[in-house]
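Below is target07.csv, which holds CSV, C-alpha atoms and all ligand atoms.
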```csv
chain,number,residue,atom,x,y,z
E,99,MET,CA,10.2,-20.9,24.8
E,100,SER,CA,6.8,-21.5,23.4
E,101,ASP,CA,5.0,-24.0,21.2
E,102,LEU,CA,3.9,-21.1,19.1
E,103,TYR,CA,7.3,-19.6,18.2
E,104,GLU,CA,11.0,-20.1,18.3
E,105,ILE,CA,13.6,-17.4,19.0
E,106,THR,CA,16.5,-17.6,16.5
E,107,THR,CA,20.1,-17.1,17.7
E,108,HIS,CA,21.6,-17.2,14.3
E,109,CYS,CA,21.2,-15.2,11.1
E,110,ARG,CA,18.6,-16.6,8.7
E,111,ALA,CA,20.9,-16.0,5.7
E,112,CYS,CA,24.6,-16.6,6.8
E,113,GLN,CA,24.0,-18.5,10.1
E,114,SER,CA,26.3,-16.1,12.0
E,115,PRO,CA,25.6,-15.9,15.7
E,116,GLU,CA,26.4,-12.2,15.8
E,117,LEU,CA,23.0,-10.5,15.9
E,118,THR,CA,22.5,-7.0,17.3
E,119,SER,CA,19.0,-6.0,18.5
E,120,LEU,CA,17.6,-2.9,16.7
E,121,HIS,CA,14.2,-2.5,18.3
E,122,ASP,CA,11.7,-4.5,20.4
E,123,PHE,CA,8.0,-4.0,19.5
E,124,GLY,CA,6.9,-6.2,22.4
E,125,MET,CA,4.3,-9.0,22.4
E,126,THR,CA,2.1,-8.5,19.3
E,127,PRO,CA,-0.9,-10.3,17.9
E,128,LEU,CA,-0.3,-12.3,14.7
E,129,ALA,CA,-1.2,-10.4,11.5
E,130,ASP,CA,-3.8,-11.8,9.0
E,131,ARG,CA,-5.3,-13.9,11.7
E,132,LEU,CA,-8.9,-12.8,11.7
E,133,VAL,CA,-11.4,-14.3,14.1
E,134,ARG,CA,-15.2,-14.6,14.3
E,135,PRO,CA,-17.1,-12.1,16.5
E,136,GLY,CA,-17.3,-13.2,20.1
E,137,THR,CA,-14.0,-15.2,20.1
E,138,PRO,CA,-12.5,-14.9,23.6
E,139,LYS,CA,-9.5,-12.4,23.6
E,140,GLN,CA,-7.3,-14.7,25.7
E,141,SER,CA,-7.4,-17.4,23.0
E,142,GLU,CA,-5.8,-15.0,20.4
E,143,PRO,CA,-2.1,-15.9,20.0
E,144,ILE,CA,0.6,-13.3,20.6
E,145,ALA,CA,4.4,-13.5,20.0
E,146,PRO,CA,7.4,-11.3,20.5
E,147,LEU,CA,8.3,-8.9,17.7
E,148,GLU,CA,12.0,-7.8,17.9
E,149,LEU,CA,14.1,-6.6,15.0
E,150,ALA,CA,17.8,-7.5,14.8
E,151,LEU,CA,20.8,-6.9,12.5
E,152,CYS,CA,23.3,-9.5,11.4
E,153,ASN,CA,26.8,-8.0,11.8
E,154,GLN,CA,28.2,-10.4,9.2
E,155,CYS,CA,25.9,-10.1,6.2
E,156,SER,CA,23.8,-7.0,7.1
E,157,LEU,CA,20.5,-8.8,6.9
E,158,VAL,CA,17.8,-7.3,9.1
E,159,GLN,CA,15.4,-9.9,10.5
E,160,ILE,CA,13.0,-10.5,13.3
E,161,THR,CA,14.1,-12.9,16.0
E,162,ALA,CA,10.8,-14.9,16.5
E,163,ALA,CA,9.7,-17.5,14.0
E,164,VAL,CA,6.1,-18.2,14.6
E,165,ASP,CA,4.9,-21.8,13.7
E,166,PRO,CA,4.1,-21.4,9.9
E,167,THR,CA,1.1,-23.8,10.2
E,168,VAL,CA,-0.4,-21.2,12.6
E,169,LEU,CA,0.7,-18.2,10.7
E,170,PHE,CA,-0.2,-19.3,7.2
E,171,GLY,CA,-2.5,-22.2,7.7
E,172,GLY,CA,-6.2,-22.3,7.2
E,173,ASP,CA,-8.1,-19.2,6.3
E,174,TYR,CA,-5.4,-17.2,4.5
E,175,LEU,CA,-7.4,-14.3,3.1
E,176,TYR,CA,-5.0,-12.5,0.9
E,177,PHE,CA,-5.9,-12.6,-2.8
E,178,SER,CA,-3.5,-10.5,-5.0
E,179,SER,CA,-6.1,-9.8,-7.7
E,180,VAL,CA,-8.2,-7.8,-5.3
E,181,SER,CA,-5.9,-4.7,-5.7
E,182,PRO,CA,-6.1,-3.0,-9.1
E,183,SER,CA,-2.7,-1.2,-8.6
E,184,LEU,CA,-0.9,-4.5,-7.8
E,185,LEU,CA,-2.4,-6.1,-10.9
E,186,LYS,CA,-1.2,-3.2,-13.0
E,187,HIS,CA,2.3,-3.2,-11.5
E,188,PHE,CA,2.9,-6.9,-12.1
E,189,THR,CA,1.2,-7.0,-15.5
E,190,GLU,CA,3.6,-4.3,-16.7
E,191,SER,CA,6.5,-6.1,-15.1
E,192,ALA,CA,5.5,-9.3,-17.0
E,193,GLN,CA,5.3,-7.4,-20.3
E,194,ALA,CA,8.8,-5.9,-19.8
E,195,ILE,CA,10.2,-9.4,-19.1
E,196,ILE,CA,8.5,-10.8,-22.2
E,197,GLN,CA,10.3,-8.1,-24.3
E,198,SER,CA,13.7,-8.2,-22.6
E,199,GLU,CA,14.0,-12.0,-22.3
E,200,ASP,CA,12.4,-12.7,-25.7
E,201,ILE,CA,9.7,-15.0,-24.2
E,202,ASN,CA,7.9,-17.2,-26.7
E,203,ALA,CA,6.1,-20.5,-27.1
E,204,GLN,CA,9.3,-22.4,-26.2
E,205,SER,CA,9.8,-20.6,-22.9
E,206,PHE,CA,9.0,-21.9,-19.5
E,207,VAL,CA,8.0,-19.3,-16.8
E,208,PHE,CA,7.8,-20.5,-13.2
E,209,GLU,CA,6.5,-18.5,-10.3
E,210,ILE,CA,7.1,-19.1,-6.6
E,211,ALA,CA,4.2,-17.9,-4.4
E,212,SER,CA,2.0,-17.4,-7.4
E,213,ASN,CA,-1.1,-16.6,-5.3
E,214,ASP,CA,-4.2,-16.6,-7.6
E,215,GLY,CA,-2.1,-16.6,-10.8
E,216,TYR,CA,-2.5,-12.9,-11.4
E,217,MET,CA,1.1,-12.4,-12.8
E,218,LEU,CA,1.5,-15.7,-14.7
E,219,LYS,CA,-1.6,-15.0,-16.6
E,220,ALA,CA,0.2,-12.1,-18.3
E,221,PHE,CA,2.7,-14.5,-19.9
E,222,LYS,CA,-0.1,-16.5,-21.7
E,223,PRO,CA,-0.4,-14.1,-24.7
E,224,ALA,CA,3.3,-14.8,-25.4
E,225,GLY,CA,2.5,-18.5,-25.6
E,226,ALA,CA,4.9,-19.5,-22.8
E,227,ARG,CA,4.4,-22.6,-20.7
E,228,ILE,CA,3.6,-21.4,-17.1
E,229,LEU,CA,3.6,-23.1,-13.7
E,230,GLY,CA,3.0,-21.6,-10.2
E,231,VAL,CA,3.5,-22.9,-6.7
E,232,ASP,CA,1.7,-21.6,-3.7
E,233,PRO,CA,1.0,-23.0,-0.2
E,234,ALA,CA,-2.3,-21.2,0.3
E,235,LYS,CA,-5.2,-23.4,-0.7
E,236,GLY,CA,-7.8,-20.7,-1.6
E,237,PRO,CA,-5.6,-18.7,-4.0
E,238,ALA,CA,-4.0,-21.8,-5.5
E,239,GLN,CA,-7.5,-23.2,-6.3
E,240,ALA,CA,-8.5,-19.9,-7.8
E,241,ALA,CA,-5.4,-19.9,-10.0
E,242,ILE,CA,-6.2,-23.5,-11.3
E,243,GLU,CA,-9.8,-22.4,-12.0
E,244,ALA,CA,-8.5,-19.4,-14.0
E,245,GLY,CA,-6.3,-21.8,-16.1
E,246,VAL,CA,-3.0,-21.3,-14.4
E,247,PRO,CA,-1.4,-24.7,-13.5
E,248,THR,CA,-0.5,-24.5,-9.8
E,249,VAL,CA,1.2,-26.8,-7.3
E,250,ASN,CA,-0.3,-26.3,-3.8
E,251,ASP,CA,2.8,-26.5,-1.7
E,252,PHE,CA,5.7,-24.6,-0.1
E,253,PHE,CA,8.6,-24.0,-2.5
E,254,SER,CA,11.8,-25.7,-1.1
E,255,ARG,CA,15.1,-27.2,-2.3
E,256,ASP,CA,13.3,-30.7,-2.4
E,257,LEU,CA,10.3,-29.4,-4.4
E,258,ALA,CA,12.7,-27.7,-6.8
E,259,SER,CA,14.6,-31.0,-7.5
E,260,HIS,CA,11.3,-32.7,-8.1
E,261,LEU,CA,9.8,-29.9,-10.3
E,262,VAL,CA,12.9,-29.5,-12.5
E,263,GLN,CA,12.8,-33.2,-13.4
E,264,GLU,CA,9.1,-33.0,-14.3
E,265,HIS,CA,9.0,-29.7,-16.0
E,266,GLY,CA,12.6,-28.8,-17.0
E,267,GLU,CA,14.7,-25.7,-16.2
E,268,ALA,CA,12.9,-22.3,-16.2
E,269,ASP,CA,13.8,-19.4,-18.5
E,270,VAL,CA,12.2,-17.1,-16.0
E,271,ILE,CA,11.6,-17.6,-12.3
E,272,LEU,CA,9.3,-15.0,-10.6
E,273,ALA,CA,9.2,-14.5,-6.8
E,274,ASN,CA,7.3,-11.5,-5.6
E,275,ASN,CA,7.0,-10.6,-2.0
E,276,VAL,CA,7.9,-14.1,-0.8
E,277,LEU,CA,11.6,-13.9,0.1
E,278,ALA,CA,10.8,-12.1,3.4
E,279,HIS,CA,8.3,-14.8,4.4
E,280,VAL,CA,10.7,-17.8,4.0
E,281,TYR,CA,11.8,-19.8,7.0
E,282,ASP,CA,14.5,-21.6,5.1
E,283,LEU,CA,16.0,-18.8,3.1
E,284,GLU,CA,19.0,-20.8,2.0
E,285,GLY,CA,16.8,-23.6,0.8
E,286,MET,CA,14.7,-21.2,-1.2
E,287,VAL,CA,17.8,-19.7,-2.9
E,288,GLU,CA,19.2,-23.1,-3.6
E,289,GLY,CA,15.9,-24.1,-5.1
E,290,ILE,CA,16.0,-21.1,-7.4
E,291,HIS,CA,19.5,-22.1,-8.5
E,292,THR,CA,18.3,-25.7,-9.2
E,293,MET,CA,15.3,-24.6,-11.3
E,294,LEU,CA,16.9,-21.7,-13.3
E,295,ALA,CA,18.3,-22.3,-16.8
E,296,THR,CA,21.9,-21.1,-17.3
E,297,THR,CA,20.6,-18.5,-19.7
E,298,GLY,CA,17.6,-17.7,-17.5
E,299,VAL,CA,16.7,-14.9,-15.1
E,300,ALA,CA,15.0,-14.8,-11.7
E,301,VAL,CA,13.0,-11.6,-11.2
E,302,ILE,CA,12.4,-11.2,-7.5
E,303,GLU,CA,10.6,-8.3,-5.8
E,304,CYS,CA,10.9,-7.5,-2.1
E,305,PRO,CA,10.3,-4.4,0.0
E,306,TYR,CA,13.5,-2.3,0.4
E,307,ILE,CA,14.8,-1.8,3.9
E,308,PHE,CA,16.0,1.8,3.3
E,309,ASP,CA,12.6,2.8,1.9
E,310,LEU,CA,11.1,1.3,5.1
E,311,VAL,CA,13.6,3.2,7.3
E,312,GLU,CA,13.2,6.6,5.5
E,313,GLY,CA,9.4,6.3,5.3
E,314,GLY,CA,9.0,5.3,8.9
E,315,GLU,CA,7.1,2.2,7.7
E,316,PHE,CA,7.4,0.3,10.9
E,317,ASP,CA,4.0,-1.3,10.5
E,318,THR,CA,5.4,-3.5,7.6
E,319,ILE,CA,7.3,-5.3,10.4
E,320,TYR,CA,5.2,-8.3,11.5
E,321,HIS,CA,5.6,-12.0,12.1
E,322,GLN,CA,5.1,-13.1,8.4
E,323,HIS,CA,8.0,-10.9,7.4
E,324,LEU,CA,11.1,-12.6,8.8
E,325,CYS,CA,13.6,-10.6,6.8
E,326,TYR,CA,14.0,-7.0,5.6
E,327,PHE,CA,16.5,-6.7,2.7
E,328,SER,CA,19.2,-4.3,1.6
E,329,ALA,CA,20.8,-4.9,-1.8
E,330,THR,CA,24.0,-5.7,0.1
E,331,ALA,CA,22.5,-8.5,2.2
E,332,LEU,CA,20.8,-10.0,-1.0
E,333,ASP,CA,24.1,-9.7,-3.0
E,334,LYS,CA,25.9,-11.8,-0.4
E,335,LEU,CA,23.0,-14.3,-0.1
E,336,PHE,CA,22.9,-15.0,-3.8
E,337,GLU,CA,26.7,-15.1,-4.2
E,338,ARG,CA,26.9,-17.9,-1.6
E,339,HIS,CA,24.5,-20.0,-3.8
E,340,GLY,CA,26.1,-19.7,-7.3
E,341,LEU,CA,23.8,-16.8,-8.3
E,342,THR,CA,24.7,-13.2,-9.2
E,343,LEU,CA,22.6,-10.1,-8.5
E,344,ALA,CA,23.0,-8.5,-11.9
E,345,ASP,CA,20.6,-5.6,-11.9
E,346,VAL,CA,18.1,-3.9,-9.6
E,347,GLU,CA,15.2,-1.5,-10.2
E,348,ARG,CA,13.5,0.5,-7.5
E,349,THR,CA,9.7,0.6,-7.5
E,350,SER,CA,7.2,2.4,-5.4
E,351,ILE,CA,5.0,-0.7,-4.7
E,352,HIS,CA,4.5,-1.6,-1.0
E,353,GLY,CA,6.1,1.6,0.2
E,354,GLY,CA,9.2,1.1,-1.9
E,355,SER,CA,10.6,-2.2,-3.2
E,356,LEU,CA,13.5,-3.6,-5.1
E,357,ARG,CA,13.0,-5.6,-8.3
E,358,LEU,CA,16.1,-7.8,-8.5
E,359,PHE,CA,17.4,-9.5,-11.7
E,360,VAL,CA,19.4,-12.6,-10.7
E,361,ARG,CA,21.3,-14.9,-13.0
E,362,LYS,CA,23.5,-17.9,-12.6
E,363,SER,CA,27.1,-17.0,-11.8
E,364,ALA,CA,28.1,-19.7,-14.3
E,365,SER,CA,26.8,-17.4,-17.1
E,366,SER,CA,29.2,-14.6,-16.0
E,367,PRO,CA,26.5,-11.8,-16.0
E,368,GLN,CA,27.5,-8.2,-16.3
E,369,ARG,CA,26.5,-6.0,-13.3
E,370,THR,CA,24.7,-2.8,-14.1
E,371,GLU,CA,25.8,0.7,-13.1
E,372,ARG,CA,22.6,1.3,-11.2
E,373,LEU,CA,23.2,-1.8,-9.1
E,374,LEU,CA,26.7,-0.8,-8.3
E,375,SER,CA,25.6,2.7,-7.4
E,376,LEU,CA,22.9,1.3,-5.0
E,377,LEU,CA,25.4,-0.9,-3.3
E,378,ASP,CA,27.7,2.0,-3.0
E,379,SER,CA,25.0,4.2,-1.4
E,380,GLU,CA,24.3,1.4,1.1
E,381,ALA,CA,28.0,1.3,2.0
E,382,GLN,CA,27.9,5.0,2.6
E,383,LYS,CA,24.9,4.5,4.9
E,384,GLN,CA,26.9,2.0,6.9
E,385,VAL,CA,24.5,-0.9,6.2
E,386,PHE,CA,26.4,-3.1,8.7
E,387,GLU,CA,25.9,-0.7,11.6
E,388,ALA,CA,22.8,-0.3,13.8
E,389,THR,CA,22.9,3.5,13.3
E,390,ALA,CA,21.9,3.1,9.6
E,391,TYR,CA,18.4,2.1,10.9
E,392,SER,CA,18.0,4.3,14.0
E,393,SER,CA,15.9,7.1,12.3
E,394,LEU,CA,13.1,4.5,11.7
E,395,PHE,CA,12.6,4.1,15.5
E,396,ASP,CA,12.5,7.9,16.1
E,397,LEU,CA,9.7,8.0,13.4
E,398,THR,CA,8.0,4.9,15.0
E,399,GLU,CA,8.0,6.5,18.5
E,400,ASN,CA,6.5,9.7,17.1
E,401,VAL,CA,3.7,7.9,15.4
E,402,ALA,CA,3.0,5.7,18.5
E,403,ARG,CA,2.6,9.0,20.5
E,404,GLU,CA,0.9,11.3,18.0
E,405,LEU,CA,-1.6,8.9,16.2
E,406,PRO,CA,-3.6,7.9,19.3
E,407,LYS,CA,-3.4,11.5,20.5
E,408,LEU,CA,-4.9,12.8,17.3
E,409,ILE,CA,-7.7,10.2,17.2
E,410,ARG,CA,-8.6,10.7,20.8
E,411,GLU,CA,-8.7,14.5,20.4
E,412,LEU,CA,-11.0,14.2,17.4
E,413,ARG,CA,-13.3,11.8,19.3
E,414,ALA,CA,-13.2,14.1,22.4
E,415,SER,CA,-14.5,16.9,20.1
E,416,GLY,CA,-17.4,14.7,19.1
E,417,ALA,CA,-16.1,13.4,15.8
E,418,SER,CA,-16.3,9.7,14.8
E,419,VAL,CA,-13.3,7.8,13.4
E,420,ALA,CA,-13.1,4.6,11.5
E,421,GLY,CA,-10.2,2.7,9.7
E,422,TYR,CA,-9.7,1.5,6.1
E,423,GLY,CA,-7.6,-1.6,5.2
E,424,ALA,CA,-7.6,-4.6,7.5
E,425,ALA,CA,-4.2,-5.5,6.0
E,426,ALA,CA,-1.5,-7.4,7.9
E,427,LYS,CA,0.4,-4.2,8.5
E,428,ALA,CA,-2.6,-2.7,10.4
E,429,THR,CA,-2.0,-5.3,13.1
E,430,THR,CA,1.4,-3.8,14.0
E,431,MET,CA,0.2,-0.2,13.6
E,432,LEU,CA,-2.8,-0.7,15.9
E,433,ALA,CA,-1.1,-2.9,18.5
E,434,TYR,CA,2.0,-0.6,18.8
E,435,CYS,CA,-0.2,2.5,19.0
E,436,GLY,CA,-2.5,0.8,21.5
E,437,LEU,CA,-5.6,1.6,19.4
E,438,THR,CA,-8.8,-0.5,20.0
E,439,SER,CA,-12.4,-0.5,18.9
E,440,ASP,CA,-12.9,2.4,21.4
E,441,ASP,CA,-10.8,4.5,19.0
E,442,LEU,CA,-12.0,3.2,15.6
E,443,ASP,CA,-15.7,2.3,15.2
E,444,PHE,CA,-14.9,-0.3,12.4
E,445,ILE,CA,-12.4,-1.0,9.7
E,446,ALA,CA,-13.6,-1.1,6.1
E,447,ASP,CA,-11.8,-3.4,3.6
E,448,LEU,CA,-12.3,-4.1,-0.1
E,449,ASN,CA,-11.8,-7.8,0.3
E,450,PRO,CA,-15.3,-9.4,0.7
E,451,ARG,CA,-13.7,-12.5,2.3
E,452,LYS,CA,-12.8,-10.4,5.4
E,453,HIS,CA,-16.3,-8.9,5.9
E,454,GLY,CA,-18.0,-10.0,9.1
E,455,TRP,CA,-14.7,-11.1,10.7
E,456,VAL,CA,-12.9,-9.3,13.6
E,457,MET,CA,-9.3,-8.2,13.7
E,458,PRO,CA,-7.7,-9.4,17.0
E,459,GLY,CA,-5.9,-7.2,19.4
E,460,GLY,CA,-8.3,-4.2,19.4
E,461,GLU,CA,-11.3,-6.3,18.4
E,462,PHE,CA,-12.1,-4.3,15.3
E,463,GLU,CA,-15.2,-5.2,13.2
E,464,ILE,CA,-14.4,-5.5,9.5
E,465,THR,CA,-17.0,-4.2,7.1
E,466,ALA,CA,-17.5,-3.5,3.4
E,467,PRO,CA,-16.3,-0.1,2.0
E,468,SER,CA,-20.0,0.9,1.5
E,469,THR,CA,-20.1,1.3,5.3
E,470,LEU,CA,-18.3,4.6,4.9
E,471,LEU,CA,-21.3,6.1,3.2
E,472,GLU,CA,-23.8,4.3,5.4
E,473,ARG,CA,-22.3,5.2,8.8
E,474,LYS,CA,-20.5,8.3,7.6
E,475,PRO,CA,-17.6,8.5,10.1
E,476,ASP,CA,-16.1,12.1,10.2
E,477,TYR,CA,-12.6,10.7,9.7
E,478,VAL,CA,-11.1,7.5,8.2
E,479,LEU,CA,-7.6,6.4,9.2
E,480,ILE,CA,-6.0,4.8,6.1
E,481,LEU,CA,-4.2,1.8,7.5
E,482,ALA,CA,-3.3,0.5,4.0
E,483,TRP,CA,-1.4,3.7,3.4
E,484,ASN,CA,0.6,2.1,0.5
E,485,PHE,CA,-2.7,2.2,-1.4
E,486,ALA,CA,-3.9,5.6,0.0
E,487,LYS,CA,-4.2,7.2,-3.5
E,488,GLU,CA,-6.2,4.3,-4.8
E,489,ILE,CA,-8.4,4.2,-1.7
E,490,MET,CA,-9.1,7.9,-1.8
E,491,GLU,CA,-10.1,7.7,-5.4
E,492,GLN,CA,-12.4,4.7,-4.8
E,493,GLN,CA,-14.0,6.6,-1.8
E,494,LYS,CA,-14.6,9.9,-3.6
E,495,ALA,CA,-18.3,9.8,-2.7
E,496,TYR,CA,-17.3,9.7,1.0
E,497,SER,CA,-14.9,12.6,0.8
E,498,GLU,CA,-17.4,14.6,-1.3
E,499,SER,CA,-20.0,14.1,1.4
E,500,GLY,CA,-17.6,15.8,3.9
E,501,GLY,CA,-15.5,12.8,5.2
E,502,ARG,CA,-11.8,13.3,5.8
E,503,PHE,CA,-8.8,10.9,5.7
E,504,ILE,CA,-6.0,10.5,8.2
E,505,ILE,CA,-2.7,9.2,6.8
E,506,PRO,CA,-0.6,7.7,9.6
E,507,LEU,CA,3.0,7.8,8.1
E,508,PRO,CA,5.6,9.1,8.1
E,509,GLU,CA,3.8,11.3,10.6
E,510,PRO,CA,0.1,11.3,11.3
E,511,HIS,CA,-1.7,14.0,9.2
E,512,ILE,CA,-5.2,14.8,8.0
E,513,VAL,CA,-5.8,15.2,4.2
Z,601,ZN,ZN,23.9,-12.9,8.3
```
Taking this structure as input, can you express it in the form of structure tokens?
Ligand SMILES: [Zn+2]
Amino acid sequence: MSDLYEITTHCRACQSPELTSLHDFGMTPLADRLVRPGTPKQSEPIAPLELALCNQCSLVQITAAVDPTVLFGGDYLYFSSVSPSLLKHFTESAQAIIQSEDINAQSFVFEIASNDGYMLKAFKPAGARILGVDPAKGPAQAAIEAGVPTVNDFFSRDLASHLVQEHGEADVILANNVLAHVYDLEGMVEGIHTMLATTGVAVIECPYIFDLVEGGEFDTIYHQHLCYFSATALDKLFERHGLTLADVERTSIHGGSLRLFVRKSASSPQRTERLLSLLDSEAQKQVFEATAYSSLFDLTENVARELPKLIRELRASGASVAGYGAAAKATTMLAYCGLTSDDLDFIADLNPRKHGWVMPGGEFEITAPSTLLERKPDYVLILAWNFAKEIMEQQKAYSESGGRFIIPLPEPHIV
């Protein structure tokens, strides 16, 4: 046992003690924990990264829970508005909700983990009252400055009880890419139930475990992501808390996600055909069995073998190689492949808040995207592969000057 993390023996959703280990990634640096140049390597925290399956409710989860004050505290550098494709995705989602839920000046829209307010802003033209909650200081402050009222705190069952008294029940609750990060999953879902109006809808997005499995997206497994959801596991989770998964859409964001439409069971919502068909496809995949996930680890082992080999062969032939995207997922990719600053000269990133910092593990220097044109590496490994198209378009001048890109998944290839 360690002060830094706790190993769970029970499922984070249904509390069952029947967990089956799926894969052990070993001791791994914490993602999104950038350090200043010259920080001694031994002071960088590492924690076990092991994936397990709950035999009772089918929830896939990691066994180590790293102290959230270490994992999310201080210099959290992720601002959602930095990515144009994310902005477009969530603005379109907001517009669809405004239409389908008939959002107007009487409506109250509440968002959990609202970051810098990028999605709530899109409800302003409809006249709706908006409120966000986010534990990260920087993004919450940016939201307030942009005119999005934001409570700087962790959402929980207690906060929900307090907020519902002060602001009333919400017609729409949004929660994008937060469910996987939650330590008290039951408390979060109870909180949603507390705040949601009987006629309201919670629209929740999270990455989809079977897109992860089929795309070999093992690098999206890191300490901030405690859970990896199937529709089956979510259906059971909501059902236990008086909520009904009524509909689901599949989206391509973050390597493949689910957009869930959840309503109060008391409103007796109809379940859509596409939801029932997705649940059925998961039953056919045997969502409760370890074998449903095993192809992921074949792809993982292949990348861990082939990616360092490719990069080292290129370097041995005299080529230079850099990386693009100092995102959280890069931590797992680089650590599991054993790549260091001997393999990648630097990692460029669009977020100016990361420039001048170092990514722990391989001690990678983070630079501005303009470095690609200044230093002209022969190859650039796209670590933020979920934004590969966007990155290659932004870096057209680099490829036009002869630079080539390497995409790591589902198997490493040069484009
Ligand atoms: Zn469970």
Requested in this report: Rounded to one decimal place, report the atom CA of Leu448 of chain E-atom CA of Gly423 of chain E distance in Å.
Outcome: 7.5 Å
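Nearest-residue note for ligand ZN 601 (chain Z): choosing from E:Gln113, E:Ser393, E:Thr429, E:Thr330, the minimum distance belongs to E:Gln113, counting all atoms listed in the file.
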Query raised in the report: Of the residues E:Lys235, E:His108, E:Arg473, E:Lys362, which is the one nearest to ligand ZN 601 (chain Z), using all atoms listed in the file?
Result: E:His108
Query raised in the report: Suppose you want the space between atom CA of Ile319 of chain E and atom CA of Val287 of chain E; what is it in Å?
Result: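 Here the two named atoms are 22.2 Å from each other.
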Report task. Quote the spacing between atom CA of Pro367 of chain E and atom CA of Glu347 of chain E in Å to one decimal place. Result ->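 Atom CA of Pro367 of chain E sits 16.4 Å away from atom CA of Glu347 of chain E.
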